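Participant: My questions all concern the structure below.
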Amino acid sequence: MPGTEFATLRDQVAALQAKTVSATELLEQCIARIEKFDDKVNAVVVRDFDRARAAAKQADAALARGQREPLLGVPVAVKESFNVAGLPTTWGFPDAAGWLPAEDAALVTRVKSAGGVVIGKTNVPLALHDWQSYNEIYGTTNNPWDLTRSPGGSSGGSSAALAAGYVTLALGSDIGGSLRVPAHFCGVYAHKPSRTLLPGRGNTPPRVPALPASEDLAVVGPMTRTAADLTLATLLLAGPDEVEAVAYQLALRPPRGTELGDFRVLIVDDHPLVPTSSVIREGFDRIAQGLERAGATVARRSALLPDLDLTAKTYLTLLMSRFGADATAEVEQARRAAAELAADADTPEAAGLRGIAASHADWIRTDRIRIDLTDKWRRLFGEFDVVLCPISPTPAFPHDHSEMGERTLDIDGTDYRYDTHLIWPSIATLIGLPATAAPIGHTPEGLPYGMQIIGPYLEDHTTLRFAELIEREFGGFTPPPGFA
């Protein structure tokens, strides 16, 4: 496929099945592009090219026999936090360098079972706790749109690999925006699925047993360059963990609409805890006007919208309760900063959230607030089909490797706490709602930015379909200058 570095996942699958390109040829194009650009981007930090070449050769033989697995012969990049047998999993911890897991993560197994060719692993921040992607082992990943800026985190290596045109599919994970923020910073697509939709087993810190578990906030999901590819990848990877599939099966509801005019849309671009930069607000105004022209029912306010202040503070309390005395210094800094934000309560309900959930009883009390908020969101989705809101207050920011507690975020010339990045992602994460990240524009300086499309729990088809319609109506990914 000469000259098609930014082909879609579906195009690659079709070309492979039509035999207009071989899996080996497609892989070599991928490797050549990584070798050309990754010295300056530093996205694919663990390269598995020898085994990928063997897998591509096997895929070519399978294609010649007429096999038609969904990803047969397609190169795929995997976030470093996912276990891949024979490749190191470190999460950026220096003392974990060289540690090799014995088996693949559940999502990696599904990619390989579908015929995907794993080309290597993408960079992450230390402990996956940053909206930048750098660590002592692998160095810093740069944003292809501006090498002086962050590609996001913690799935920043995956978003950069997509934006640079290395692969059409990459895996990531999300608990504080780690899929959505990188997609927003790099102008690509990502889907934070409904909690439990995709199995997280094996997206596990080094030396920690990869056991099936129901994670309270974290999810795993795909990243692509088009909305339709994102739908394809999500549905391919979805379903209960194999160890639980004996009792459960996937049966998602269809999307609530097929065209933009079918949708009831609530747009929320301001938050009581953090402002939104003017360029992103302008983008939301443009989207709102375009949706109205397309026949969608659009509202900018609703009395049904749950308390966003309480939502964020409840989320922060539950998030920080995950970290104990064994937390690294960087995690401890983030924990303290978020604790201060969660403690700044100004409602009677939030008064119980002061401090960090240090006991099971504290966690239960906080979870009861979440249950009440869940019911409120359910009622809202009786009147609206999707909620559109920012992913982050700003586009991609310059690299800043100072102490996390000392960093600030510049929003229209005013400095705010660095950890305010957690606020917008908290809306979907607290309740486990699906949230699809889609690019919607560029700043005057040329940086991409996006929005998250939030939908009802386990109605992932709705947010994915809406992202496809947004892409068709307003455009989507464009290659960064110098990489086309």
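As shown in the structure tokens, the chain order sets the letters A, B, ...; within each chain, residues go from 1, and ligands are also counted from 1 in the order they appear.
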Can I get the residues of range 390-462 of chain A within 6 Å of range 147-156 of chain A, each with the closest pair of atoms and their distance in Å to one decimal, using only C-alpha atoms, sorted chain first then ascending number, as CSV?
Facilitator:
```
residue,atom,partner,partner_atom,distance
A:Ala396,CA,A:Ser150,CA,6.0
A:Phe397,CA,A:Arg149,CA,5.4
A:Pro398,CA,A:Arg149,CA,4.0
A:His399,CA,A:Arg149,CA,5.1
```
Participant: Those same residues, written as a PDB file, in the first residue's frame with C-alpha atoms?
Facilitator:
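Result saved to out.pdb:
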```
ATOM      1  CA  ALA A 396      -1.572  19.903  24.489  1.00  0.00           C
ATOM      2  CA  PHE A 397       0.770  21.764  26.827  1.00  0.00           C
ATOM      3  CA  PRO A 398       4.601  22.010  26.766  1.00  0.00           C
ATOM      4  CA  HIS A 399       6.650  19.298  28.464  1.00  0.00           C
TER       5      HIS A 399
END
```
Participant: For Leu230 in chain A, which residue among A:Ser113, A:Gln249, A:Thr168, A:Asn42 is the nearest when counting only C-alpha atoms?
Facilitator: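 Looking only at the distances to Leu230 in chain A, the closest residue turns out to be A:Thr168.
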Participant: Any chance you could list, as a PyMOL selection string, the residues in range 192-333 of chain A that come up helix (DSSP H, G or I) when DSSP is run on the backbone?
Facilitator: chain A and resi 227-237+260-262+278-293+308-320+329-333
Participant: Output as a Markdown table one row per residue of range 44-105 of chain A within 10 Å of range 19-40 of chain A: the closest atom pair and its distance in Å to one decimal place, counting only C-alpha atoms, sorted by chain and residue number ascending.
Facilitator:
```
| residue | atom | partner | partner_atom | distance |
| --- | --- | --- | --- | --- |
| A:Val44 | CA | A:Asp38 | CA | 7.2 |
| A:Val45 | CA | A:Asp38 | CA | 8.9 |
| A:Arg47 | CA | A:Ile31 | CA | 9.4 |
| A:Phe49 | CA | A:Ile31 | CA | 7.6 |
| A:Ala52 | CA | A:Leu27 | CA | 7.7 |
| A:Arg53 | CA | A:Thr24 | CA | 6.7 |
| A:Ala54 | CA | A:Thr24 | CA | 8.9 |
| A:Ala55 | CA | A:Thr24 | CA | 8.8 |
| A:Ala56 | CA | A:Ala23 | CA | 5.1 |
| A:Lys57 | CA | A:Thr24 | CA | 6.1 |
| A:Gln58 | CA | A:Ala23 | CA | 8.8 |
| A:Ala59 | CA | A:Ala23 | CA | 6.4 |
| A:Asp60 | CA | A:Ala23 | CA | 5.7 |
| A:Ala61 | CA | A:Ala23 | CA | 9.4 |
| A:Leu63 | CA | A:Lys19 | CA | 8.2 |
| A:Ala64 | CA | A:Lys19 | CA | 8.6 |
| A:Leu72 | CA | A:Ala23 | CA | 8.0 |
| A:Gly73 | CA | A:Ala23 | CA | 4.6 |
| A:Val74 | CA | A:Ala23 | CA | 6.8 |
| A:Pro75 | CA | A:Leu27 | CA | 6.2 |
| A:Val76 | CA | A:Leu27 | CA | 9.7 |
```
Participant: Just the residues within 12 Å of Pro444 in chain A, please, counting only C-alpha atoms, with nothing from its chain fewer than 2 positions along; format it as a ChimeraX atom specification.
Facilitator: /A:278-280,282-283,395,441-442,446-449
Participant: So which one's closest to Pro434 in chain A, A:Val108, A:Leu308, A:Ala170, A:Ala190? Using only C-alpha atoms, please.
Facilitator: A:Ala190
Participant: If we count only C-alpha atoms, what is near range 408-414 of chain A at a cut-off of 6 Å, once residues fewer than 3 positions away on the same chain are taken out, given as a CSV table (one decimal) with C-alpha atoms, in the first residue's frame?
Facilitator:
```
chain,number,residue,atom,x,y,z
A,277,SER,CA,-10.0,27.7,27.5
A,417,ARG,CA,-3.6,23.3,39.6
A,418,TYR,CA,-2.0,20.7,37.3
```
Participant: In Å, with one decimal, what is the gap from CA of Ile267 in chain A to CA of Cys389 in chain A?
Facilitator: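 Straight-line distance from CA of Ile267 in chain A to CA of Cys389 in chain A works out to 6.1 Å.
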Participant: One decimal, in Å: what's the spacing between CA of Ala96 in chain A and CA of Pro199 in chain A?
Facilitator: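 Atom-to-atom, CA of Ala96 in chain A to CA of Pro199 in chain A, that is 24.0 Å.
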Participant: Skip range 303-306 of chain A itself and residues of its chain fewer than 6 positions away, then list as a list in words all residues within 12 Å of it, counting only C-alpha atoms.
Facilitator: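 The filter keeps Leu266, Ile267, Val268, His271, Ala312, Ile369, Arg370, Ile371, Asp372, Leu373, Thr374, Asp375, Lys376, Trp377, Arg378, Arg379, Leu380, Phe381, Gly382, Glu383, Phe384, Val386, Val387, Ile427, Ala428 and Ile431 of chain A.
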Participant: Next, write the just-selected residues to a file, as a compact mmCIF listing (two decimals), in the first residue's frame, keeping N, CA, C and O atoms as the atom set.
Facilitator:
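Everything below was put into selection_2.txt:
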```
# COMPACT_ATOMS: atom_id res chain seq x y z
N LEU A 266 -27.03 17.16 25.02
CA LEU A 266 -26.75 18.17 26.04
C LEU A 266 -25.27 18.52 25.94
O LEU A 266 -24.41 17.64 26.01
N ILE A 267 -24.97 19.81 25.77
CA ILE A 267 -23.59 20.28 25.70
C ILE A 267 -23.25 20.97 27.01
O ILE A 267 -23.95 21.89 27.44
N VAL A 268 -22.16 20.50 27.64
CA VAL A 268 -21.71 21.06 28.91
C VAL A 268 -20.24 21.43 28.75
O VAL A 268 -19.37 20.56 28.73
N HIS A 271 -17.50 24.15 33.94
CA HIS A 271 -17.45 23.30 35.14
C HIS A 271 -17.22 24.18 36.35
O HIS A 271 -16.43 25.15 36.28
N ALA A 312 -16.98 15.28 40.81
CA ALA A 312 -15.52 15.31 40.78
C ALA A 312 -14.92 14.95 42.12
O ALA A 312 -13.95 14.18 42.20
N ILE A 369 -22.70 7.93 47.94
CA ILE A 369 -22.89 9.17 47.18
C ILE A 369 -22.85 8.85 45.69
O ILE A 369 -23.65 9.37 44.90
N ARG A 370 -21.92 7.99 45.29
CA ARG A 370 -21.83 7.61 43.89
C ARG A 370 -23.13 6.93 43.41
O ARG A 370 -23.59 7.18 42.30
N ILE A 371 -23.70 6.08 44.23
CA ILE A 371 -24.94 5.39 43.86
C ILE A 371 -26.05 6.41 43.60
O ILE A 371 -26.82 6.28 42.64
N ASP A 372 -26.12 7.42 44.45
CA ASP A 372 -27.12 8.47 44.25
C ASP A 372 -26.87 9.23 42.95
O ASP A 372 -27.80 9.53 42.19
N LEU A 373 -25.60 9.53 42.67
CA LEU A 373 -25.26 10.22 41.43
C LEU A 373 -25.57 9.33 40.22
O LEU A 373 -26.00 9.84 39.17
N THR A 374 -25.35 8.04 40.35
CA THR A 374 -25.67 7.11 39.26
C THR A 374 -27.14 7.19 38.89
O THR A 374 -27.50 7.21 37.71
N ASP A 375 -28.00 7.24 39.89
CA ASP A 375 -29.43 7.34 39.64
C ASP A 375 -29.76 8.65 38.93
O ASP A 375 -30.60 8.68 38.02
N LYS A 376 -29.09 9.73 39.32
CA LYS A 376 -29.33 11.03 38.66
C LYS A 376 -28.89 11.00 37.20
O LYS A 376 -29.58 11.55 36.32
N TRP A 377 -27.77 10.37 36.92
CA TRP A 377 -27.35 10.26 35.52
C TRP A 377 -28.33 9.40 34.73
O TRP A 377 -28.61 9.68 33.55
N ARG A 378 -28.85 8.36 35.34
CA ARG A 378 -29.84 7.52 34.65
C ARG A 378 -31.07 8.34 34.27
O ARG A 378 -31.62 8.20 33.17
N ARG A 379 -31.50 9.21 35.16
CA ARG A 379 -32.65 10.07 34.87
C ARG A 379 -32.33 11.06 33.75
O ARG A 379 -33.16 11.33 32.88
N LEU A 380 -31.11 11.60 33.77
CA LEU A 380 -30.73 12.54 32.71
C LEU A 380 -30.79 11.86 31.35
O LEU A 380 -31.26 12.44 30.37
N PHE A 381 -30.32 10.61 31.28
CA PHE A 381 -30.31 9.91 30.00
C PHE A 381 -31.69 9.42 29.59
O PHE A 381 -31.85 8.81 28.52
N GLY A 382 -32.70 9.71 30.40
CA GLY A 382 -34.06 9.55 29.94
C GLY A 382 -34.50 10.71 29.06
O GLY A 382 -35.43 10.57 28.25
N GLU A 383 -33.84 11.85 29.20
CA GLU A 383 -34.17 13.05 28.43
C GLU A 383 -33.16 13.36 27.33
O GLU A 383 -33.48 14.06 26.37
N PHE A 384 -31.93 12.87 27.49
CA PHE A 384 -30.88 13.12 26.50
C PHE A 384 -30.24 11.79 26.11
O PHE A 384 -30.25 10.83 26.88
N VAL A 386 -26.91 11.79 24.50
CA VAL A 386 -25.48 11.96 24.72
C VAL A 386 -25.24 13.29 25.40
O VAL A 386 -26.02 14.24 25.26
N VAL A 387 -24.14 13.36 26.14
CA VAL A 387 -23.66 14.59 26.75
C VAL A 387 -22.28 14.87 26.16
O VAL A 387 -21.39 14.00 26.20
N ILE A 427 -16.27 12.83 35.10
CA ILE A 427 -17.71 12.74 34.87
C ILE A 427 -18.10 11.34 34.42
O ILE A 427 -19.03 10.73 34.96
N ALA A 428 -17.40 10.80 33.43
CA ALA A 428 -17.73 9.46 32.93
C ALA A 428 -17.13 8.37 33.80
O ALA A 428 -17.73 7.30 33.99
N ILE A 431 -19.01 7.00 37.27
CA ILE A 431 -20.21 6.17 37.12
C ILE A 431 -19.96 4.99 36.19
O ILE A 431 -20.80 4.11 36.05
```
Participant: Could you tell me which of A:Asn142, A:Thr394, A:Thr420, A:Ser359 comes closest to Leu316 in chain A if we count only C-alpha atoms?
Facilitator: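 Going through A:Asn142, A:Thr394, A:Thr420, A:Ser359 one by one, the smallest distance to Leu316 in chain A is for A:Thr420.
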Participant: Identify which of the residues A:Ile175, A:Leu16, A:Val243, A:Ile364 lies closest to Glu69 in chain A, counting only C-alpha atoms when measuring atom-to-atom distances.
Facilitator: A:Leu16
Participant: Quick one: of A:Phe483, A:Ala102, A:Ala7, A:Thr462, who's nearest to Pro255 in chain A, counting only C-alpha atoms?
Facilitator: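 Selected residue with least distance to Pro255 in chain A: A:Thr462.
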